[in-house]
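Next comes target_36.cif, a file with mmCIF, C-alpha atoms and all ligand atoms; chains and numbers go by the auth columns.
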```cif
data_entry
#
loop_
_atom_site.group_PDB
_atom_site.id
_atom_site.type_symbol
_atom_site.label_atom_id
_atom_site.label_comp_id
_atom_site.label_asym_id
_atom_site.label_seq_id
_atom_site.Cartn_x
_atom_site.Cartn_y
_atom_site.Cartn_z
_atom_site.B_iso_or_equiv
_atom_site.auth_seq_id
_atom_site.auth_asym_id
ATOM 1 C CA MET A 1 -78.811 -27.036 39.987 0.00 713 A
ATOM 2 C CA PRO A 2 -78.728 -30.837 39.603 0.00 714 A
ATOM 3 C CA VAL A 3 -81.847 -32.849 40.350 0.00 715 A
ATOM 4 C CA ILE A 4 -81.407 -36.560 41.046 0.00 716 A
ATOM 5 C CA ASN A 5 -84.081 -39.001 40.002 0.00 717 A
ATOM 6 C CA LYS A 6 -83.797 -41.740 42.624 0.00 718 A
ATOM 7 C CA ASP A 7 -85.784 -44.192 40.502 0.00 719 A
ATOM 8 C CA ALA A 8 -83.151 -44.043 37.773 0.00 720 A
ATOM 9 C CA CYS A 9 -80.187 -43.836 40.169 0.00 721 A
ATOM 10 C CA THR A 10 -78.068 -46.998 40.509 0.00 722 A
ATOM 11 C CA PHE A 11 -76.286 -45.619 43.593 0.00 723 A
ATOM 12 C CA CYS A 12 -72.914 -46.036 41.929 0.00 724 A
ATOM 13 C CA GLY A 13 -71.515 -42.940 43.683 0.00 725 A
ATOM 14 C CA ARG A 14 -69.762 -41.475 40.639 0.00 726 A
ATOM 15 C CA CYS A 15 -71.503 -38.103 40.966 0.00 727 A
ATOM 16 C CA SER A 16 -70.497 -37.781 44.598 0.00 728 A
ATOM 17 C CA GLY A 17 -66.914 -38.713 43.730 0.00 729 A
ATOM 18 C CA TRP A 18 -66.783 -36.069 40.995 0.00 730 A
ATOM 19 C CA CYS A 19 -68.181 -33.295 43.162 0.00 731 A
ATOM 20 C CA ASN A 20 -65.350 -31.091 44.416 0.00 732 A
ATOM 21 C CA TYR A 21 -67.636 -29.284 46.815 0.00 733 A
ATOM 22 C CA ASN A 22 -69.049 -32.222 48.807 0.00 734 A
ATOM 23 C CA ALA A 23 -72.463 -31.105 47.663 0.00 735 A
ATOM 24 C CA ILE A 24 -73.897 -34.604 47.200 0.00 736 A
ATOM 25 C CA PHE A 25 -74.973 -36.401 50.340 0.00 737 A
ATOM 26 C CA TYR A 26 -74.702 -40.093 49.522 0.00 738 A
ATOM 27 C CA VAL A 27 -75.408 -43.127 51.718 0.00 739 A
ATOM 28 C CA PRO A 28 -75.710 -46.099 49.313 0.00 740 A
ATOM 29 C CA SER A 29 -76.576 -48.682 51.998 0.00 741 A
ATOM 30 C CA ALA A 30 -79.673 -46.650 52.894 0.00 742 A
ATOM 31 C CA HIS A 31 -80.385 -45.628 49.283 0.00 743 A
ATOM 32 C CA ILE A 32 -80.033 -41.984 50.227 0.00 744 A
ATOM 33 C CA ILE A 33 -78.718 -39.459 47.731 0.00 745 A
ATOM 34 C CA GLU A 34 -79.418 -35.726 47.918 0.00 746 A
ATOM 35 C CA VAL A 35 -77.943 -32.552 46.460 0.00 747 A
ATOM 36 C CA ILE A 36 -77.040 -30.067 49.214 0.00 748 A
ATOM 37 C CA GLU A 37 -78.103 -26.994 47.299 0.00 749 A
ATOM 38 C CA ASN A 38 -76.251 -24.473 49.476 0.00 750 A
ATOM 39 C CA LEU A 39 -72.935 -26.177 48.729 0.00 751 A
ATOM 40 C CA CYS A 40 -73.532 -26.769 45.025 0.00 752 A
ATOM 41 C CA HIS A 41 -71.534 -24.525 42.664 0.00 753 A
ATOM 42 C CA GLY A 42 -73.498 -25.603 39.582 0.00 754 A
ATOM 43 C CA CYS A 43 -70.361 -26.852 37.837 0.00 755 A
ATOM 44 C CA GLY A 44 -72.222 -29.645 36.032 0.00 756 A
ATOM 45 C CA ALA A 45 -69.617 -32.317 36.864 0.00 757 A
ATOM 46 C CA CYS A 46 -72.150 -34.654 38.461 0.00 758 A
ATOM 47 C CA SER A 47 -74.468 -34.559 35.430 0.00 759 A
ATOM 48 C CA PHE A 48 -71.500 -35.363 33.239 0.00 760 A
ATOM 49 C CA ALA A 49 -70.410 -38.194 35.523 0.00 761 A
ATOM 50 C CA CYS A 50 -73.774 -39.916 35.714 0.00 762 A
ATOM 51 C CA ASP A 51 -74.024 -42.738 33.156 0.00 763 A
ATOM 52 C CA ALA A 52 -77.497 -43.717 34.283 0.00 764 A
ATOM 53 C CA GLY A 53 -79.151 -40.514 33.106 0.00 765 A
ATOM 54 C CA ALA A 54 -80.437 -39.967 36.633 0.00 766 A
ATOM 55 C CA ILE A 55 -79.404 -36.315 36.846 0.00 767 A
ATOM 56 C CA THR A 56 -81.223 -33.451 35.179 0.00 768 A
ATOM 57 C CA GLU A 57 -80.669 -29.766 35.849 0.00 769 A
ATOM 58 C CA LYS A 58 -83.079 -27.074 36.961 0.00 770 A
ATOM 59 C CA PRO A 59 -82.563 -23.309 36.729 0.00 771 A
ATOM 60 C CA VAL A 60 -82.256 -21.407 40.003 0.00 772 A
ATOM 61 C CA VAL A 61 -82.142 -17.674 40.666 0.00 773 A
ATOM 62 C CA LEU A 62 -78.811 -16.712 42.277 0.00 774 A
ATOM 63 C CA GLY A 63 -79.142 -12.976 42.028 0.00 775 A
ATOM 64 C CA SER A 64 -79.832 -10.282 39.507 0.00 776 A
ATOM 65 C CA VAL A 65 -77.922 -8.128 37.070 0.00 777 A
ATOM 66 C CA SER A 66 -79.337 -4.678 36.334 0.00 778 A
ATOM 67 C CA THR A 67 -78.224 -2.139 33.766 0.00 779 A
ATOM 68 C CA PHE A 68 -78.688 1.633 34.174 0.00 780 A
ATOM 69 C CA ARG A 69 -77.847 4.662 32.056 0.00 781 A
ATOM 70 C CA THR A 70 -76.308 7.456 34.122 0.00 782 A
ATOM 71 C CA GLU A 71 -77.087 11.158 33.598 0.00 783 A
ATOM 72 C CA ARG A 72 -73.641 11.501 32.048 0.00 784 A
ATOM 73 C CA GLY A 73 -74.298 8.920 29.384 0.00 785 A
ATOM 74 C CA SER A 74 -72.294 6.022 30.741 0.00 786 A
ATOM 75 C CA THR A 75 -73.700 2.618 31.542 0.00 787 A
ATOM 76 C CA LEU A 76 -73.717 1.108 35.003 0.00 788 A
ATOM 77 C CA VAL A 77 -74.130 -2.632 35.439 0.00 789 A
ATOM 78 C CA GLU A 78 -74.942 -3.827 38.950 0.00 790 A
ATOM 79 C CA ALA A 79 -74.692 -7.432 40.155 0.00 791 A
ATOM 80 C CA ARG A 80 -76.811 -8.205 43.189 0.00 792 A
ATOM 81 C CA MET A 81 -76.568 -11.556 44.928 0.00 793 A
ATOM 82 C CA ARG A 82 -79.617 -13.221 46.421 0.00 794 A
ATOM 83 C CA VAL A 83 -79.538 -13.235 50.242 0.00 795 A
ATOM 84 C CA ASN A 84 -78.345 -16.636 51.521 0.00 796 A
ATOM 85 C CA GLU A 85 -76.387 -17.458 48.381 0.00 797 A
ATOM 86 C CA MET A 86 -72.984 -18.944 49.237 0.00 798 A
ATOM 87 C CA SER A 87 -70.951 -17.789 46.255 0.00 799 A
ATOM 88 C CA PRO A 88 -71.246 -14.552 44.288 0.00 800 A
ATOM 89 C CA VAL A 89 -69.011 -15.789 41.474 0.00 801 A
ATOM 90 C CA ARG A 90 -71.714 -16.650 38.939 0.00 802 A
ATOM 91 C CA VAL A 91 -73.535 -13.356 39.509 0.00 803 A
ATOM 92 C CA ILE A 92 -70.237 -11.510 39.004 0.00 804 A
ATOM 93 C CA LYS A 93 -69.587 -13.499 35.822 0.00 805 A
ATOM 94 C CA ALA A 94 -73.051 -12.608 34.517 0.00 806 A
ATOM 95 C CA ALA A 95 -72.468 -8.900 35.201 0.00 807 A
ATOM 96 C CA ILE A 96 -69.080 -8.932 33.473 0.00 808 A
ATOM 97 C CA LYS A 97 -70.658 -10.639 30.471 0.00 809 A
ATOM 98 C CA GLU A 98 -73.442 -8.056 30.435 0.00 810 A
ATOM 99 C CA ALA A 99 -70.856 -5.241 30.455 0.00 811 A
ATOM 100 C CA GLY A 100 -69.537 -6.545 27.123 0.00 812 A
ATOM 101 C CA GLU A 101 -66.157 -5.631 25.685 0.00 813 A
ATOM 102 C CA GLU A 102 -66.738 -2.291 23.973 0.00 814 A
ATOM 103 C CA GLY A 103 -65.051 0.888 25.209 0.00 815 A
ATOM 104 C CA THR A 104 -63.473 1.377 28.600 0.00 816 A
ATOM 105 C CA ILE A 105 -64.931 -0.887 31.247 0.00 817 A
ATOM 106 C CA ILE A 106 -64.237 -0.364 34.934 0.00 818 A
ATOM 107 C CA LEU A 107 -64.891 -3.403 37.103 0.00 819 A
ATOM 108 C CA ASP A 108 -65.194 -2.703 40.814 0.00 820 A
ATOM 109 C CA ALA A 109 -64.015 -5.698 42.844 0.00 821 A
ATOM 110 C CA PRO A 110 -64.624 -6.297 46.506 0.00 822 A
ATOM 111 C CA PRO A 111 -61.543 -6.127 48.750 0.00 823 A
ATOM 112 C CA GLY A 112 -59.545 -9.195 49.709 0.00 824 A
ATOM 113 C CA THR A 113 -58.175 -11.980 47.559 0.00 825 A
ATOM 114 C CA SER A 114 -61.043 -14.452 47.600 0.00 826 A
ATOM 115 C CA CYS A 115 -63.045 -15.750 44.608 0.00 827 A
ATOM 116 C CA PRO A 116 -64.951 -12.486 43.876 0.00 828 A
ATOM 117 C CA PHE A 117 -61.665 -10.577 43.599 0.00 829 A
ATOM 118 C CA ILE A 118 -60.050 -13.246 41.406 0.00 830 A
ATOM 119 C CA GLN A 119 -63.111 -13.461 39.182 0.00 831 A
ATOM 120 C CA THR A 120 -63.194 -9.695 38.708 0.00 832 A
ATOM 121 C CA VAL A 121 -59.514 -9.137 37.962 0.00 833 A
ATOM 122 C CA ASP A 122 -59.269 -12.215 35.772 0.00 834 A
ATOM 123 C CA LYS A 123 -60.246 -10.321 32.632 0.00 835 A
ATOM 124 C CA ALA A 124 -58.649 -6.989 33.512 0.00 836 A
ATOM 125 C CA ASP A 125 -55.964 -5.416 31.342 0.00 837 A
ATOM 126 C CA TYR A 126 -54.863 -3.327 34.291 0.00 838 A
ATOM 127 C CA VAL A 127 -55.694 -3.469 37.989 0.00 839 A
ATOM 128 C CA ILE A 128 -55.830 -0.472 40.317 0.00 840 A
ATOM 129 C CA LEU A 129 -55.347 -1.452 43.935 0.00 841 A
ATOM 130 C CA VAL A 130 -56.744 1.104 46.354 0.00 842 A
ATOM 131 C CA THR A 131 -55.119 1.013 49.759 0.00 843 A
ATOM 132 C CA GLU A 132 -54.605 3.217 52.784 0.00 844 A
ATOM 133 C CA PRO A 133 -51.364 3.971 54.630 0.00 845 A
ATOM 134 C CA THR A 134 -52.031 1.761 57.661 0.00 846 A
ATOM 135 C CA PRO A 135 -50.763 -1.694 58.725 0.00 847 A
ATOM 136 C CA PHE A 136 -54.154 -3.109 57.728 0.00 848 A
ATOM 137 C CA GLY A 137 -53.949 -1.495 54.289 0.00 849 A
ATOM 138 C CA LEU A 138 -50.402 -2.752 53.791 0.00 850 A
ATOM 139 C CA SER A 139 -51.321 -6.304 54.763 0.00 851 A
ATOM 140 C CA ASP A 140 -54.216 -6.398 52.266 0.00 852 A
ATOM 141 C CA LEU A 141 -52.104 -4.745 49.590 0.00 853 A
ATOM 142 C CA ARG A 142 -49.343 -7.324 49.964 0.00 854 A
ATOM 143 C CA GLN A 143 -51.764 -10.216 49.549 0.00 855 A
ATOM 144 C CA SER A 144 -53.489 -8.625 46.571 0.00 856 A
ATOM 145 C CA TYR A 145 -50.229 -7.767 44.859 0.00 857 A
ATOM 146 C CA GLU A 146 -48.827 -11.286 45.357 0.00 858 A
ATOM 147 C CA THR A 147 -52.047 -12.712 43.896 0.00 859 A
ATOM 148 C CA LEU A 148 -51.886 -10.405 40.880 0.00 860 A
ATOM 149 C CA LYS A 149 -48.219 -11.284 40.345 0.00 861 A
ATOM 150 C CA SER A 150 -49.129 -14.956 40.202 0.00 862 A
ATOM 151 C CA MET A 151 -51.856 -14.095 37.650 0.00 863 A
ATOM 152 C CA ASP A 152 -49.396 -12.001 35.640 0.00 864 A
ATOM 153 C CA ARG A 153 -51.607 -8.896 35.826 0.00 865 A
ATOM 154 C CA LEU A 154 -50.326 -5.346 35.480 0.00 866 A
ATOM 155 C CA CYS A 155 -51.252 -3.134 38.390 0.00 867 A
ATOM 156 C CA GLY A 156 -50.698 0.189 40.120 0.00 868 A
ATOM 157 C CA VAL A 157 -51.745 1.616 43.453 0.00 869 A
ATOM 158 C CA ILE A 158 -53.806 4.530 44.706 0.00 870 A
ATOM 159 C CA ILE A 159 -53.238 5.525 48.312 0.00 871 A
ATOM 160 C CA ASN A 160 -56.542 6.659 49.701 0.00 872 A
ATOM 161 C CA ARG A 161 -56.819 8.614 52.971 0.00 873 A
ATOM 162 C CA ALA A 162 -53.205 9.753 52.492 0.00 874 A
ATOM 163 C CA GLY A 163 -51.829 11.630 55.470 0.00 875 A
ATOM 164 C CA ILE A 164 -52.999 9.198 58.127 0.00 876 A
ATOM 165 C CA GLY A 165 -50.911 6.246 59.334 0.00 877 A
ATOM 166 C CA ASP A 166 -47.294 5.769 58.347 0.00 878 A
ATOM 167 C CA ASN A 167 -44.935 5.543 55.378 0.00 879 A
ATOM 168 C CA LYS A 168 -44.704 1.764 55.165 0.00 880 A
ATOM 169 C CA VAL A 169 -47.016 1.412 52.151 0.00 881 A
ATOM 170 C CA LYS A 170 -44.800 3.762 50.131 0.00 882 A
ATOM 171 C CA GLU A 171 -41.672 1.912 51.247 0.00 883 A
ATOM 172 C CA TYR A 172 -43.305 -1.343 50.107 0.00 884 A
ATOM 173 C CA LEU A 173 -44.211 0.155 46.712 0.00 885 A
ATOM 174 C CA ASP A 174 -40.630 1.363 46.252 0.00 886 A
ATOM 175 C CA ARG A 175 -39.207 -1.979 47.232 0.00 887 A
ATOM 176 C CA GLU A 176 -41.494 -3.939 44.897 0.00 888 A
ATOM 177 C CA LYS A 177 -41.320 -1.303 42.139 0.00 889 A
ATOM 178 C CA ILE A 178 -45.097 -0.969 42.045 0.00 890 A
ATOM 179 C CA PRO A 179 -46.309 2.275 40.429 0.00 891 A
ATOM 180 C CA LEU A 180 -47.973 4.768 42.755 0.00 892 A
ATOM 181 C CA LEU A 181 -50.688 6.166 40.490 0.00 893 A
ATOM 182 C CA ALA A 182 -52.254 8.748 42.787 0.00 894 A
ATOM 183 C CA GLU A 183 -52.800 9.800 46.371 0.00 895 A
ATOM 184 C CA ILE A 184 -56.123 11.043 47.716 0.00 896 A
ATOM 185 C CA LYS A 185 -55.768 13.051 50.898 0.00 897 A
ATOM 186 C CA PHE A 186 -57.793 12.075 53.926 0.00 898 A
ATOM 187 C CA ASP A 187 -60.823 14.336 54.101 0.00 899 A
ATOM 188 C CA PRO A 188 -64.067 13.314 55.864 0.00 900 A
ATOM 189 C CA ALA A 189 -65.982 15.575 53.446 0.00 901 A
ATOM 190 C CA ILE A 190 -65.119 13.155 50.609 0.00 902 A
ATOM 191 C CA ALA A 191 -66.760 10.307 52.515 0.00 903 A
ATOM 192 C CA HIS A 192 -69.772 12.512 53.200 0.00 904 A
ATOM 193 C CA THR A 193 -70.064 13.334 49.518 0.00 905 A
ATOM 194 C CA TYR A 194 -70.159 9.777 48.289 0.00 906 A
ATOM 195 C CA SER A 195 -72.353 8.557 51.130 0.00 907 A
ATOM 196 C CA GLU A 196 -74.895 11.109 49.891 0.00 908 A
ATOM 197 C CA GLY A 197 -74.577 9.703 46.380 0.00 909 A
ATOM 198 C CA GLY A 198 -72.577 12.686 45.128 0.00 910 A
ATOM 199 C CA LEU A 199 -69.503 12.780 42.923 0.00 911 A
ATOM 200 C CA VAL A 200 -66.347 14.170 44.496 0.00 912 A
ATOM 201 C CA THR A 201 -65.373 15.601 41.114 0.00 913 A
ATOM 202 C CA ASP A 202 -68.430 17.904 41.277 0.00 914 A
ATOM 203 C CA ARG A 203 -67.615 19.198 44.711 0.00 915 A
ATOM 204 C CA TYR A 204 -63.818 19.338 44.403 0.00 916 A
ATOM 205 C CA PRO A 205 -62.763 20.560 40.942 0.00 917 A
ATOM 206 C CA GLY A 206 -59.120 19.542 41.566 0.00 918 A
ATOM 207 C CA MET A 207 -60.218 15.936 41.782 0.00 919 A
ATOM 208 C CA GLU A 208 -61.192 15.788 38.148 0.00 920 A
ATOM 209 C CA LYS A 209 -57.570 16.301 37.120 0.00 921 A
ATOM 210 C CA LEU A 210 -56.487 13.544 39.460 0.00 922 A
ATOM 211 C CA PHE A 211 -58.818 11.107 37.706 0.00 923 A
ATOM 212 C CA THR A 212 -58.074 12.263 34.159 0.00 924 A
ATOM 213 C CA ASP A 213 -54.332 11.971 34.863 0.00 925 A
ATOM 214 C CA LEU A 214 -54.979 8.535 36.273 0.00 926 A
ATOM 215 C CA ALA A 215 -56.889 7.496 33.156 0.00 927 A
ATOM 216 C CA GLU A 216 -54.043 8.745 30.957 0.00 928 A
ATOM 217 C CA LYS A 217 -51.459 6.808 32.944 0.00 929 A
ATOM 218 C CA ILE A 218 -53.478 3.634 32.633 0.00 930 A
ATOM 219 C CA LYS A 219 -54.208 4.142 28.946 0.00 931 A
ATOM 220 C CA ASP A 220 -50.479 4.349 28.411 0.00 932 A
ATOM 221 C CA ASN A 221 -50.643 0.987 30.127 0.00 933 A
ATOM 222 C CA ASN A 222 -47.554 1.523 32.148 0.00 934 A
ATOM 223 C CA GLY A 223 -48.324 3.376 35.389 0.00 935 A
ATOM 224 C CA THR A 224 -44.687 4.305 35.781 0.00 936 A
ATOM 225 C CA GLY A 225 -43.856 1.324 33.602 0.00 937 A
ATOM 226 C CA SER A 226 -41.987 -0.429 36.346 0.00 938 A
ATOM 227 C CA ASN A 227 -44.139 -3.503 36.775 0.00 939 A
ATOM 228 C CA LYS A 228 -44.786 -4.045 33.082 0.00 940 A
ATOM 229 C CA ARG A 229 -44.327 -7.681 32.199 0.00 941 A
HETATM 230 S S1 LIG B . -73.843 -41.010 39.220 0.00 1 B
HETATM 231 FE FE1 LIG B . -76.030 -41.158 38.719 0.00 1 B
HETATM 232 S S2 LIG B . -76.515 -43.269 39.115 0.00 1 B
HETATM 233 FE FE2 LIG B . -74.588 -42.918 40.142 0.00 1 B
HETATM 234 S S3 LIG B . -75.142 -42.306 42.225 0.00 1 B
HETATM 235 FE FE3 LIG B . -75.002 -40.439 41.054 0.00 1 B
HETATM 236 S S4 LIG B . -77.076 -40.043 40.320 0.00 1 B
HETATM 237 FE FE4 LIG B . -77.010 -42.182 40.973 0.00 1 B
HETATM 238 S S1 LIG B . -73.190 -29.330 39.987 0.00 2 B
HETATM 239 FE FE1 LIG B . -71.038 -29.509 40.643 0.00 2 B
HETATM 240 S S2 LIG B . -71.054 -28.669 42.689 0.00 2 B
HETATM 241 FE FE2 LIG B . -73.189 -29.100 42.218 0.00 2 B
HETATM 242 S S3 LIG B . -73.526 -31.122 43.023 0.00 2 B
HETATM 243 FE FE3 LIG B . -72.947 -31.379 40.881 0.00 2 B
HETATM 244 S S4 LIG B . -70.719 -31.702 40.929 0.00 2 B
HETATM 245 FE FE4 LIG B . -71.327 -30.873 42.922 0.00 2 B
#
```
Step by step, read the file and then write its structure as structure tokens.
Amino acid sequence: MPVINKDACTFCGRCSGWCNYNAIFYVPSAHIIEVIENLCHGCGACSFACDAGAITEKPVVLGSVSTFRTERGSTLVEARMRVNEMSPVRVIKAAIKEAGEEGTIILDAPPGTSCPFIQTVDKADYVILVTEPTPFGLSDLRQSYETLKSMDRLCGVIINRAGIGDNKVKEYLDREKIPLLAEIKFDPAIAHTYSEGGLVTDRYPGMEKLFTDLAEKIKDNNGTGSNKR
């Protein structure tokens, strides 16, 4: 977070001009200059812009990254944003860095196509979009797929809660030649299982095959191969 020393500041306005986030409140006639901390993205542009040496930087806590070992021997890295923080991007970046690059890494992105999604899929070799067969699911899927296309990312789709809604998601996948990787039937017991912290693969043995098949398809890096670029 930048800190402005008003005694050294010449009120030239360069820092404010360089800030893409309007995070510097600047009224030169009144000799007022302040960093609006909630808007600041910590990009460092203002420090770079200041020739007068009036800007230093202080560390701030944006959230935390915790690492756990699961009973099954895998590692779980959790990014937790501080309440009131405007942007989760730097906490997500820290978690992805902590996860390293060894072995198979599964990054779980929030839904939507905003910065957290972009940040998470940015490093992915393959993206699995999980949708549901409803107009809402289709609308989100379309936006996500268009975003991934523009980022040149390979992807496939899982239809969750299959059996509800309509057939329009499948028609869309056919039309766009997007691989359908798996379907998970709608079953309230699945939601109960994970809301209790359980694994569906423990309670439903058939599920394990679904996920191992899915892993194989992705390892082959082609889904059905149709959206390979
Ligand atoms: S660039 Fe430096 S000197 Fe100029 S207004 Fe900003 S803090 Fe002050
Ligand atoms: S660090 Fe970046 S976002 Fe924050 S005030 Fe400076 S230029 Fe603006």
For the PyMOL selection byres (((chain A and resi 752) around 10) and not hetatm), applied here, can you spell out every residue it catches as a PyMOL selection string? chain A and resi 713-714+731-736+747-751+753-756+798-799
Under the PyMOL selection byres (((chain A and resi 916-931) around 12) and not hetatm), which residues of this model are included? Write them out as an MDAnalysis selection string. chainID A and resid 815:818 836:840 866:870 891:897 899 901:902 905 910:915 932:937 940
Output C-alpha atoms of each residue in that selection to a file, as a PDB file, keeping the file's coordinate frame.
```pdb
ATOM      1  CA  GLY A 815     -65.051   0.888  25.209  1.00  0.00           C
ATOM      2  CA  THR A 816     -63.473   1.377  28.600  1.00  0.00           C
ATOM      3  CA  ILE A 817     -64.931  -0.887  31.247  1.00  0.00           C
ATOM      4  CA  ILE A 818     -64.237  -0.364  34.934  1.00  0.00           C
ATOM      5  CA  ALA A 836     -58.649  -6.989  33.512  1.00  0.00           C
ATOM      6  CA  ASP A 837     -55.964  -5.416  31.342  1.00  0.00           C
ATOM      7  CA  TYR A 838     -54.863  -3.327  34.291  1.00  0.00           C
ATOM      8  CA  VAL A 839     -55.694  -3.469  37.989  1.00  0.00           C
ATOM      9  CA  ILE A 840     -55.830  -0.472  40.317  1.00  0.00           C
ATOM     10  CA  LEU A 866     -50.326  -5.346  35.480  1.00  0.00           C
ATOM     11  CA  CYS A 867     -51.252  -3.134  38.390  1.00  0.00           C
ATOM     12  CA  GLY A 868     -50.698   0.189  40.120  1.00  0.00           C
ATOM     13  CA  VAL A 869     -51.745   1.616  43.453  1.00  0.00           C
ATOM     14  CA  ILE A 870     -53.806   4.530  44.706  1.00  0.00           C
ATOM     15  CA  PRO A 891     -46.309   2.275  40.429  1.00  0.00           C
ATOM     16  CA  LEU A 892     -47.973   4.768  42.755  1.00  0.00           C
ATOM     17  CA  LEU A 893     -50.688   6.166  40.490  1.00  0.00           C
ATOM     18  CA  ALA A 894     -52.254   8.748  42.787  1.00  0.00           C
ATOM     19  CA  GLU A 895     -52.800   9.800  46.371  1.00  0.00           C
ATOM     20  CA  ILE A 896     -56.123  11.043  47.716  1.00  0.00           C
ATOM     21  CA  LYS A 897     -55.768  13.051  50.898  1.00  0.00           C
ATOM     22  CA  ASP A 899     -60.823  14.336  54.101  1.00  0.00           C
ATOM     23  CA  ALA A 901     -65.982  15.575  53.446  1.00  0.00           C
ATOM     24  CA  ILE A 902     -65.119  13.155  50.609  1.00  0.00           C
ATOM     25  CA  THR A 905     -70.064  13.334  49.518  1.00  0.00           C
ATOM     26  CA  GLY A 910     -72.577  12.686  45.128  1.00  0.00           C
ATOM     27  CA  LEU A 911     -69.503  12.780  42.923  1.00  0.00           C
ATOM     28  CA  VAL A 912     -66.347  14.170  44.496  1.00  0.00           C
ATOM     29  CA  THR A 913     -65.373  15.601  41.114  1.00  0.00           C
ATOM     30  CA  ASP A 914     -68.430  17.904  41.277  1.00  0.00           C
ATOM     31  CA  ARG A 915     -67.615  19.198  44.711  1.00  0.00           C
ATOM     32  CA  ASP A 932     -50.479   4.349  28.411  1.00  0.00           C
ATOM     33  CA  ASN A 933     -50.643   0.987  30.127  1.00  0.00           C
ATOM     34  CA  ASN A 934     -47.554   1.523  32.148  1.00  0.00           C
ATOM     35  CA  GLY A 935     -48.324   3.376  35.389  1.00  0.00           C
ATOM     36  CA  THR A 936     -44.687   4.305  35.781  1.00  0.00           C
ATOM     37  CA  GLY A 937     -43.856   1.324  33.602  1.00  0.00           C
ATOM     38  CA  LYS A 940     -44.786  -4.045  33.082  1.00  0.00           C
TER      39      LYS A 940
END
```
To test the calculation: enclose all listed atoms of ligand LIG 1 (chain B) in a box whose edges run along x, y and z, add 6 Å on each side, then state centre and edge lengths in Å to one decimal, as JSON.
```
{"center_x": -75.5, "center_y": -41.7, "center_z": 40.5, "size_x": 15.2, "size_y": 15.2, "size_z": 15.5}
```
Give me, as JSON lines, the closest atom pair and its distance (Å, one decimal) for every residue of chain A within a cut-off of 10 Å of ligand LIG 1 (chain B), counting all atoms listed in the file, rows sorted by chain and rising number.
```
{"residue": "A:Pro714", "atom": "CA", "partner": "B:LIG1", "partner_atom": "S4", "distance": 9.4}
{"residue": "A:Val715", "atom": "CA", "partner": "B:LIG1", "partner_atom": "S4", "distance": 8.6}
{"residue": "A:Ile716", "atom": "CA", "partner": "B:LIG1", "partner_atom": "S4", "distance": 5.6}
{"residue": "A:Asn717", "atom": "CA", "partner": "B:LIG1", "partner_atom": "S4", "distance": 7.1}
{"residue": "A:Lys718", "atom": "CA", "partner": "B:LIG1", "partner_atom": "FE4", "distance": 7.0}
{"residue": "A:Asp719", "atom": "CA", "partner": "B:LIG1", "partner_atom": "FE4", "distance": 9.0}
{"residue": "A:Ala720", "atom": "CA", "partner": "B:LIG1", "partner_atom": "S2", "distance": 6.8}
{"residue": "A:Cys721", "atom": "CA", "partner": "B:LIG1", "partner_atom": "FE4", "distance": 3.7}
{"residue": "A:Thr722", "atom": "CA", "partner": "B:LIG1", "partner_atom": "S2", "distance": 4.3}
{"residue": "A:Phe723", "atom": "CA", "partner": "B:LIG1", "partner_atom": "S3", "distance": 3.8}
{"residue": "A:Cys724", "atom": "CA", "partner": "B:LIG1", "partner_atom": "FE2", "distance": 4.0}
{"residue": "A:Gly725", "atom": "CA", "partner": "B:LIG1", "partner_atom": "S3", "distance": 4.0}
{"residue": "A:Arg726", "atom": "CA", "partner": "B:LIG1", "partner_atom": "S1", "distance": 4.3}
{"residue": "A:Cys727", "atom": "CA", "partner": "B:LIG1", "partner_atom": "S1", "distance": 4.1}
{"residue": "A:Ser728", "atom": "CA", "partner": "B:LIG1", "partner_atom": "FE3", "distance": 6.3}
{"residue": "A:Gly729", "atom": "CA", "partner": "B:LIG1", "partner_atom": "S1", "distance": 8.6}
{"residue": "A:Trp730", "atom": "CA", "partner": "B:LIG1", "partner_atom": "S1", "distance": 8.8}
{"residue": "A:Ile736", "atom": "CA", "partner": "B:LIG1", "partner_atom": "FE3", "distance": 8.5}
{"residue": "A:Tyr738", "atom": "CA", "partner": "B:LIG1", "partner_atom": "S3", "distance": 7.6}
{"residue": "A:Val739", "atom": "CA", "partner": "B:LIG1", "partner_atom": "S3", "distance": 9.5}
{"residue": "A:Pro740", "atom": "CA", "partner": "B:LIG1", "partner_atom": "S3", "distance": 8.1}
{"residue": "A:His743", "atom": "CA", "partner": "B:LIG1", "partner_atom": "S3", "distance": 9.4}
{"residue": "A:Ile744", "atom": "CA", "partner": "B:LIG1", "partner_atom": "S3", "distance": 9.4}
{"residue": "A:Ile745", "atom": "CA", "partner": "B:LIG1", "partner_atom": "S3", "distance": 7.2}
{"residue": "A:Glu746", "atom": "CA", "partner": "B:LIG1", "partner_atom": "S4", "distance": 9.0}
{"residue": "A:Val747", "atom": "CA", "partner": "B:LIG1", "partner_atom": "S4", "distance": 9.7}
{"residue": "A:Ala757", "atom": "CA", "partner": "B:LIG1", "partner_atom": "S1", "distance": 9.9}
{"residue": "A:Cys758", "atom": "CA", "partner": "B:LIG1", "partner_atom": "S1", "distance": 6.6}
{"residue": "A:Ser759", "atom": "CA", "partner": "B:LIG1", "partner_atom": "S1", "distance": 7.5}
{"residue": "A:Phe760", "atom": "CA", "partner": "B:LIG1", "partner_atom": "S1", "distance": 8.6}
{"residue": "A:Ala761", "atom": "CA", "partner": "B:LIG1", "partner_atom": "S1", "distance": 5.8}
{"residue": "A:Cys762", "atom": "CA", "partner": "B:LIG1", "partner_atom": "S1", "distance": 3.7}
{"residue": "A:Asp763", "atom": "CA", "partner": "B:LIG1", "partner_atom": "FE1", "distance": 6.1}
{"residue": "A:Ala764", "atom": "CA", "partner": "B:LIG1", "partner_atom": "S2", "distance": 5.0}
{"residue": "A:Gly765", "atom": "CA", "partner": "B:LIG1", "partner_atom": "FE1", "distance": 6.5}
{"residue": "A:Ala766", "atom": "CA", "partner": "B:LIG1", "partner_atom": "S4", "distance": 5.0}
{"residue": "A:Ile767", "atom": "CA", "partner": "B:LIG1", "partner_atom": "S4", "distance": 5.6}
{"residue": "A:Thr768", "atom": "CA", "partner": "B:LIG1", "partner_atom": "S4", "distance": 9.3}
```
